[in-house]
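Structure file coords-v1.cif (mmCIF, C-alpha atoms) is printed below.
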```
data_entry
#
loop_
_atom_site.label_atom_id
_atom_site.label_comp_id
_atom_site.auth_asym_id
_atom_site.auth_seq_id
_atom_site.Cartn_x
_atom_site.Cartn_y
_atom_site.Cartn_z
CA MET A 1 61.54 133.64 123.99
CA THR A 2 62.83 130.05 123.96
CA LEU A 3 63.80 128.82 120.53
CA PRO A 4 62.59 125.34 119.59
CA SER A 5 65.17 122.56 119.61
CA THR A 6 66.49 121.51 116.20
CA GLU A 7 67.33 118.03 117.47
CA PRO A 8 64.92 115.18 116.73
CA ASP A 9 62.81 114.00 119.63
CA ILE A 10 64.26 110.50 120.02
CA PRO A 11 63.09 108.56 123.08
CA GLY A 12 66.03 107.60 125.26
CA LEU A 13 68.53 109.93 123.52
CA GLY A 14 69.27 111.75 126.78
CA SER A 15 70.18 108.55 128.64
CA PHE A 16 72.21 107.34 125.64
CA ARG A 17 74.23 110.56 125.73
CA ARG A 18 75.08 109.85 129.34
CA LYS A 19 76.94 106.71 128.28
CA CYS A 20 80.66 107.25 128.86
CA LEU A 21 81.65 106.35 125.27
CA PHE A 22 78.84 108.27 123.55
CA ALA A 23 79.63 108.86 119.83
CA VAL A 24 83.05 107.16 120.04
CA THR A 25 83.86 105.18 116.88
CA ILE A 26 85.90 101.99 117.17
CA LEU A 27 87.52 99.92 114.43
CA LEU A 28 87.89 96.38 115.79
CA VAL A 29 90.48 94.28 113.94
CA GLU A 30 89.53 90.77 115.06
CA ASP A 31 89.08 87.56 113.06
CA SER A 32 86.66 85.90 115.49
CA ARG A 33 82.96 86.64 115.00
CA SER A 34 82.10 85.66 118.57
CA ALA A 35 84.84 87.80 120.14
CA SER A 36 83.72 90.68 117.91
CA GLU A 37 80.10 90.23 118.96
CA ALA A 38 81.05 90.29 122.65
CA ILE A 39 82.98 93.55 122.15
CA ARG A 40 80.13 94.98 120.06
CA LEU A 41 77.74 94.35 122.96
CA TYR A 42 80.10 96.11 125.39
CA ALA A 43 80.45 99.03 122.98
CA ALA A 44 76.70 99.32 122.39
CA GLU A 45 76.07 99.38 126.13
CA SER A 46 78.64 102.19 126.40
CA GLY A 47 77.27 104.37 123.57
CA ALA A 48 80.09 103.58 121.10
CA ARG A 49 79.85 102.34 117.53
CA VAL A 50 81.96 99.48 116.16
CA ARG A 51 83.11 98.54 112.70
CA ARG A 52 84.85 95.19 112.30
CA ALA A 53 87.75 94.16 110.06
CA ASP A 54 88.65 90.47 110.13
CA SER A 55 92.20 90.85 108.78
CA MET A 56 95.01 93.34 108.26
CA HIS A 57 93.96 93.70 104.62
CA ALA A 58 90.37 94.50 105.59
CA ALA A 59 91.60 96.97 108.22
CA SER A 60 93.62 98.81 105.56
CA ARG A 61 90.53 99.10 103.36
CA HIS A 62 88.49 100.52 106.24
CA LEU A 63 91.18 103.01 107.22
CA ALA A 64 91.50 104.28 103.65
CA ILE A 65 88.01 105.81 103.93
CA TYR A 66 87.26 105.94 107.66
CA ARG A 67 89.12 107.40 110.63
CA PRO A 68 87.91 105.98 113.94
CA ASN A 69 88.59 107.41 117.39
CA VAL A 70 90.00 104.07 118.55
CA VAL A 71 91.47 101.03 116.81
CA VAL A 72 91.42 97.77 118.78
CA VAL A 73 93.85 95.25 117.26
CA ASP A 74 93.89 91.55 118.08
CA LEU A 75 97.48 90.33 117.96
CA GLY A 76 96.69 87.04 116.20
CA LEU A 77 95.36 87.77 112.69
CA PRO A 78 95.02 85.39 109.72
CA ASP A 79 97.18 87.42 107.34
CA GLY A 80 99.87 88.84 109.60
CA ASP A 81 101.02 89.94 113.03
CA GLY A 82 98.77 92.40 114.85
CA MET A 83 101.88 93.92 116.39
CA ALA A 84 103.02 94.97 112.90
CA LEU A 85 99.66 96.64 112.27
CA ILE A 86 99.94 98.55 115.55
CA SER A 87 103.40 99.78 114.56
CA HIS A 88 102.15 100.79 111.10
CA LEU A 89 99.23 102.78 112.56
CA ALA A 90 101.43 104.49 115.14
CA LEU A 91 104.09 105.50 112.59
CA ALA A 92 101.74 106.58 109.78
CA SER A 93 102.02 110.09 108.39
CA THR A 94 98.83 110.85 110.30
CA PRO A 95 99.22 108.48 113.26
CA ILE A 96 96.30 107.09 115.20
CA GLN A 97 96.74 107.82 118.89
CA GLY A 98 94.01 105.61 120.33
CA ILE A 99 95.39 102.14 119.63
CA VAL A 100 94.45 99.25 121.94
CA ALA A 101 96.22 95.88 121.73
CA LEU A 102 94.01 92.84 122.38
CA SER A 103 95.06 89.26 123.13
CA GLY A 104 94.03 86.14 125.01
CA GLN A 105 97.65 85.34 125.87
CA ASP A 106 99.11 86.15 129.28
CA ARG A 107 99.53 89.91 129.37
CA SER A 108 103.12 89.65 130.64
CA GLU A 109 104.10 87.99 127.36
CA TRP A 110 103.01 90.80 125.04
CA GLN A 111 102.09 94.01 126.84
CA GLU A 112 105.58 95.54 126.83
CA LEU A 113 106.05 94.77 123.12
CA ALA A 114 102.62 96.20 122.24
CA LEU A 115 103.27 99.45 124.10
CA ALA A 116 106.68 99.74 122.46
CA ALA A 117 105.06 99.20 119.04
CA GLY A 118 102.71 102.12 119.62
CA ALA A 119 99.67 100.85 121.50
CA ALA A 120 98.28 103.31 124.04
CA ALA A 121 96.58 100.60 126.13
CA CYS A 122 96.20 96.83 126.35
CA LEU A 123 93.12 94.67 126.83
CA GLU A 124 93.29 91.01 127.81
CA LYS A 125 90.75 88.35 126.89
CA PRO A 126 88.44 87.49 128.47
CA ILE A 127 87.54 91.12 129.17
CA GLU A 128 86.89 91.18 132.89
CA SER A 129 83.78 93.36 132.83
CA LEU A 130 81.94 96.16 131.07
CA ARG A 131 83.71 98.60 133.37
CA ALA A 132 87.14 97.20 132.42
CA PHE A 133 86.28 97.65 128.73
CA GLN A 134 85.05 101.21 129.29
CA GLU A 135 88.06 102.21 131.40
CA CYS A 136 90.46 100.90 128.76
CA ILE A 137 88.79 102.74 125.87
CA LEU A 138 88.42 105.92 127.94
CA SER A 139 92.12 105.85 128.77
CA VAL A 140 93.08 106.45 125.11
CA LEU A 141 90.57 109.24 124.40
CA PRO A 142 91.83 112.84 124.45
CA ASP A 143 88.54 114.08 125.97
CA ARG A 144 88.33 111.39 128.69
CA GLU A 145 88.31 113.92 131.55
CA SER A 146 85.11 115.55 130.27
CA ARG A 147 83.24 112.26 129.83
CA HIS A 148 80.95 110.44 132.21
CA ARG A 149 82.40 107.86 134.55
CA PRO A 150 82.35 104.15 133.64
CA SER A 151 79.30 102.10 134.49
CA ASP A 152 78.96 99.59 137.31
CA ALA A 153 76.38 97.66 135.29
CA GLU A 154 77.21 94.27 133.80
CA VAL A 155 76.59 92.70 130.41
CA ALA A 156 76.17 88.92 130.50
CA MET A 157 77.36 87.06 127.40
CA THR A 158 76.14 83.61 128.44
CA GLY A 159 73.09 82.46 126.53
CA ARG A 160 72.85 85.47 124.20
CA ALA A 161 71.54 84.36 120.82
CA SER A 162 73.86 86.69 118.90
CA VAL A 163 76.95 85.36 120.71
CA LEU A 164 75.88 81.74 120.25
CA SER A 165 75.28 82.33 116.55
CA ALA A 166 78.69 84.00 116.15
CA LEU A 167 80.38 81.15 118.04
CA THR A 168 78.74 78.61 115.73
CA GLU A 169 80.11 80.53 112.74
CA ASP A 170 83.62 80.52 114.26
CA LEU A 171 83.43 76.78 114.95
CA ARG A 172 82.29 76.03 111.41
CA ARG A 173 85.16 78.06 109.97
CA ALA A 174 87.71 76.29 112.19
CA GLN A 175 86.19 72.90 111.39
CA SER A 176 86.55 73.48 107.65
CA LEU A 177 90.15 74.65 108.02
CA LEU A 178 91.13 71.81 110.36
CA VAL A 179 89.64 69.10 108.14
CA GLU A 180 91.61 70.43 105.16
CA ALA A 181 94.77 70.89 107.27
CA GLU A 182 94.49 67.30 108.50
CA ARG A 183 94.10 66.02 104.93
CA THR A 184 97.10 67.97 103.62
CA GLU A 185 99.18 67.78 106.83
CA ASP A 186 99.26 71.58 106.90
CA ARG A 187 100.69 72.29 110.35
CA GLU A 188 100.67 76.06 109.88
CA THR A 189 96.91 76.16 109.30
CA ALA A 190 96.33 73.74 112.19
CA ALA A 191 98.38 76.00 114.46
CA TYR A 192 96.38 79.04 113.32
CA CYS A 193 93.10 77.23 114.10
CA ALA A 194 94.38 76.34 117.56
CA GLN A 195 95.36 79.97 118.21
CA PHE A 196 92.06 81.21 116.78
CA LEU A 197 89.88 78.92 118.88
CA GLY A 198 92.03 79.51 121.95
CA SER A 199 91.35 83.21 121.57
CA VAL A 200 87.62 82.53 121.14
CA GLY A 201 87.60 80.35 124.24
CA GLU A 202 89.42 82.99 126.28
CA MET A 203 87.12 85.79 125.13
CA LEU A 204 83.96 83.87 126.00
CA ALA A 205 85.45 82.36 129.18
CA ASP A 206 84.86 78.93 127.62
CA GLY A 207 87.41 76.86 129.53
CA GLU A 208 86.78 73.60 127.65
CA LEU A 209 87.35 75.19 124.25
CA ALA A 210 90.38 77.22 125.38
CA GLN A 211 92.03 74.16 126.97
CA ALA A 212 91.40 71.94 123.93
CA ALA A 213 92.85 74.62 121.66
CA ARG A 214 95.95 75.03 123.82
CA ALA A 215 96.51 71.26 123.70
CA ALA A 216 96.16 71.08 119.89
CA GLN A 217 99.86 71.35 119.19
CA ASP A 218 100.25 67.86 117.71
CA ALA A 219 98.17 65.55 115.55
CA ALA A 220 96.48 63.88 118.53
CA GLY A 221 95.60 67.24 120.09
CA ALA A 222 94.28 68.60 116.78
CA GLY A 223 92.13 65.49 116.41
CA ARG A 224 90.65 65.97 119.89
CA LEU A 225 89.94 69.64 119.08
CA LEU A 226 88.19 68.65 115.85
CA ARG A 227 86.05 66.11 117.72
CA LEU A 228 85.08 68.79 120.23
CA ILE A 229 84.07 71.11 117.38
CA ASP A 230 82.04 68.31 115.75
CA ARG A 231 80.23 67.67 119.03
CA ARG A 232 79.53 71.37 119.59
CA LEU A 233 78.26 71.85 116.04
CA GLY A 234 76.00 68.83 116.32
CA GLY A 235 74.31 70.56 119.24
CA ALA A 236 74.25 73.89 117.42
CA LEU A 237 72.63 72.36 114.37
CA ARG A 238 69.96 70.74 116.52
CA GLN A 239 69.30 74.11 118.20
CA GLU A 240 68.99 75.79 114.79
CA ALA A 241 66.54 73.14 113.66
CA ARG A 242 64.39 74.03 116.68
CA GLY A 243 64.81 77.76 115.94
CA VAL A 244 66.76 78.44 119.15
CA ALA A 245 70.05 79.84 117.79
#
```

Encoded form using structure tokens:
Amino acid sequence: MTLPSTEPDIPGLGSFRRKCLFAVTILLVEDSRSASEAIRLYAAESGARVRRADSMHAASRHLAIYRPNVVVVDLGLPDGDGMALISHLALASTPIQGIVALSGQDRSEWQELALAAGAAACLEKPIESLRAFQECILSVLPDRESRHRPSDAEVAMTGRASVLSALTEDLRRAQSLLVEAERTEDRETAAYCAQFLGSVGEMLADGELAQAARAAQDAAGAGRLLRLIDRRLGGALRQEARGVA
């Protein structure tokens, strides 16, 4: 006699289980909402679940009560160096093995340092494809050999309402910080905003934003970046008024 299944009859559960990252939990330490949303979409398509921490402090709070399979750490964080967080996680009394370093900078500038600090893999922004994301996460999982192969499907970020909304939030945050930094001549905050928006531009393959952020190393460059943000937000606000974003 065949015993009845104790699992709930959820439509699509079988296909979801065939995703190569099924039931993998990821803690993403990333200060950008739009970069986080892009990674969340990749993870959802792969069967993984993501929690986000926007700073080292927030990551510590998460890790006090939650142990993910993988921790993805952006190297540029608002309250410290992501490399230091990687080293802390790797050297903890119960170390996390599946650490992935994430950055929009040229990989040759940071990969060796990240691996030496304790990262098991590195991921460069913009993430080339869904397959590249899946292969990277799979590479740090102890059960990778028993999992399904990565997908050849693609996930388009362009035009997605959730990504556009997250980008608008990032731009508003940077605008507020830059206006205050300009008023107080706070070069450190201005430099952080440039790094932050450069990372956002790299993640979303937004060449105009990434280039403007890279050029914002002096007062003139910061002013041009702020004008670009103002122009982008003017369009975003008009879209919101029409109920598009």

_Which residue of A:Arg67, A:Arg160, A:Arg131, A:His62 approaches Thr25 in chain A most closely, using all atoms listed in the file_ =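 Checking each candidate against Thr25 in chain A, we get A:Arg67 as the closest.
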
Contacts of Ala84 in chain A at 10 Å or less, counting all atoms listed in the file, minus same-chain residues fewer than 6 places along, as a PDB file with C-alpha atoms, in the coordinates of the input?
```pdb
ATOM      1  CA  MET A  56      95.010  93.340 108.260  1.00  0.00           C
ATOM      2  CA  LEU A  75      97.480  90.330 117.960  1.00  0.00           C
ATOM      3  CA  ALA A  90     101.430 104.490 115.140  1.00  0.00           C
ATOM      4  CA  ALA A 114     102.620  96.200 122.240  1.00  0.00           C
ATOM      5  CA  ALA A 117     105.060  99.200 119.040  1.00  0.00           C
ATOM      6  CA  GLY A 118     102.710 102.120 119.620  1.00  0.00           C
TER       7      GLY A 118
END
```

Residue with the minimum atom-to-atom distance to Asp186 in chain A, picked from A:Ala219, A:Ala38, A:Ala205, A:Leu91 with all atoms listed in the file counted, is A:Ala219

Spell out the residues picked by the PyMOL selection byres ((chain A and resi 47) around 8) here, as a PyMOL selection string. chain A and resi 16-17+19-24+43-46+48-49

Put the listed atoms of range 70-82 of chain A in a box along x, y and z with 8 Å added on every side and give me the centre and edge lengths in Å to one decimal, as AutoDock Vina command-line options.
```
--center_x 95.5 --center_y 94.7 --center_z 113.1 --size_x 27.0 --size_y 34.7 --size_z 27.4
```

TODO: Evaluate the PyMOL selection byres ((chain A and resi 83) around 9) here and jot the selected residues down as a PyMOL selection string.
DONE: chain A and resi 73-76+80-82+84-88+101+113-114+117-119

Answer key for the PyMOL selection byres ((chain A and resi 69) around 10), residues as a list in words: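 On this input, the PyMOL selection byres ((chain A and resi 69) around 10) captures Ala23, Val24, Thr25, Ile26, Leu27, Tyr66, Arg67, Pro68, Val70, Val71, Ile96, Gln97, Gly98, Ile99, Ile137, Val140, Leu141 and Pro142 of chain A.
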
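Here CA of Cys193 in chain A stands at a distance of 17.1 Å from CA of Lys125 in chain A.
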
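Computed from the coordinates, the CA of Leu167 in chain A to CA of Val200 in chain A distance equals 8.0 Å.
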
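The two atoms in question, CA of Arg231 in chain A and CA of Leu171 in chain A, are spaced 10.5 Å apart.
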
| message | Env of Ala222 in chain A: 8 Å cut, atoms = only C-alpha atoms, seq-sep filter 5 positions within chain, self excluded. Answer as a PyMOL selection string. | response | chain A and resi 178+190+194+213+215-217

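With distances restricted to all atoms listed in the file, A:Ser34 is the closest residue to Arg173 in chain A from A:Cys136, A:Thr94, A:Ala59, A:Ser34.
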
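Of the listed residues A:Leu130, A:Leu204, A:Glu135, A:Pro78, the one whose atoms come nearest to His148 in chain A is A:Glu135, with distances taken using only C-alpha atoms.
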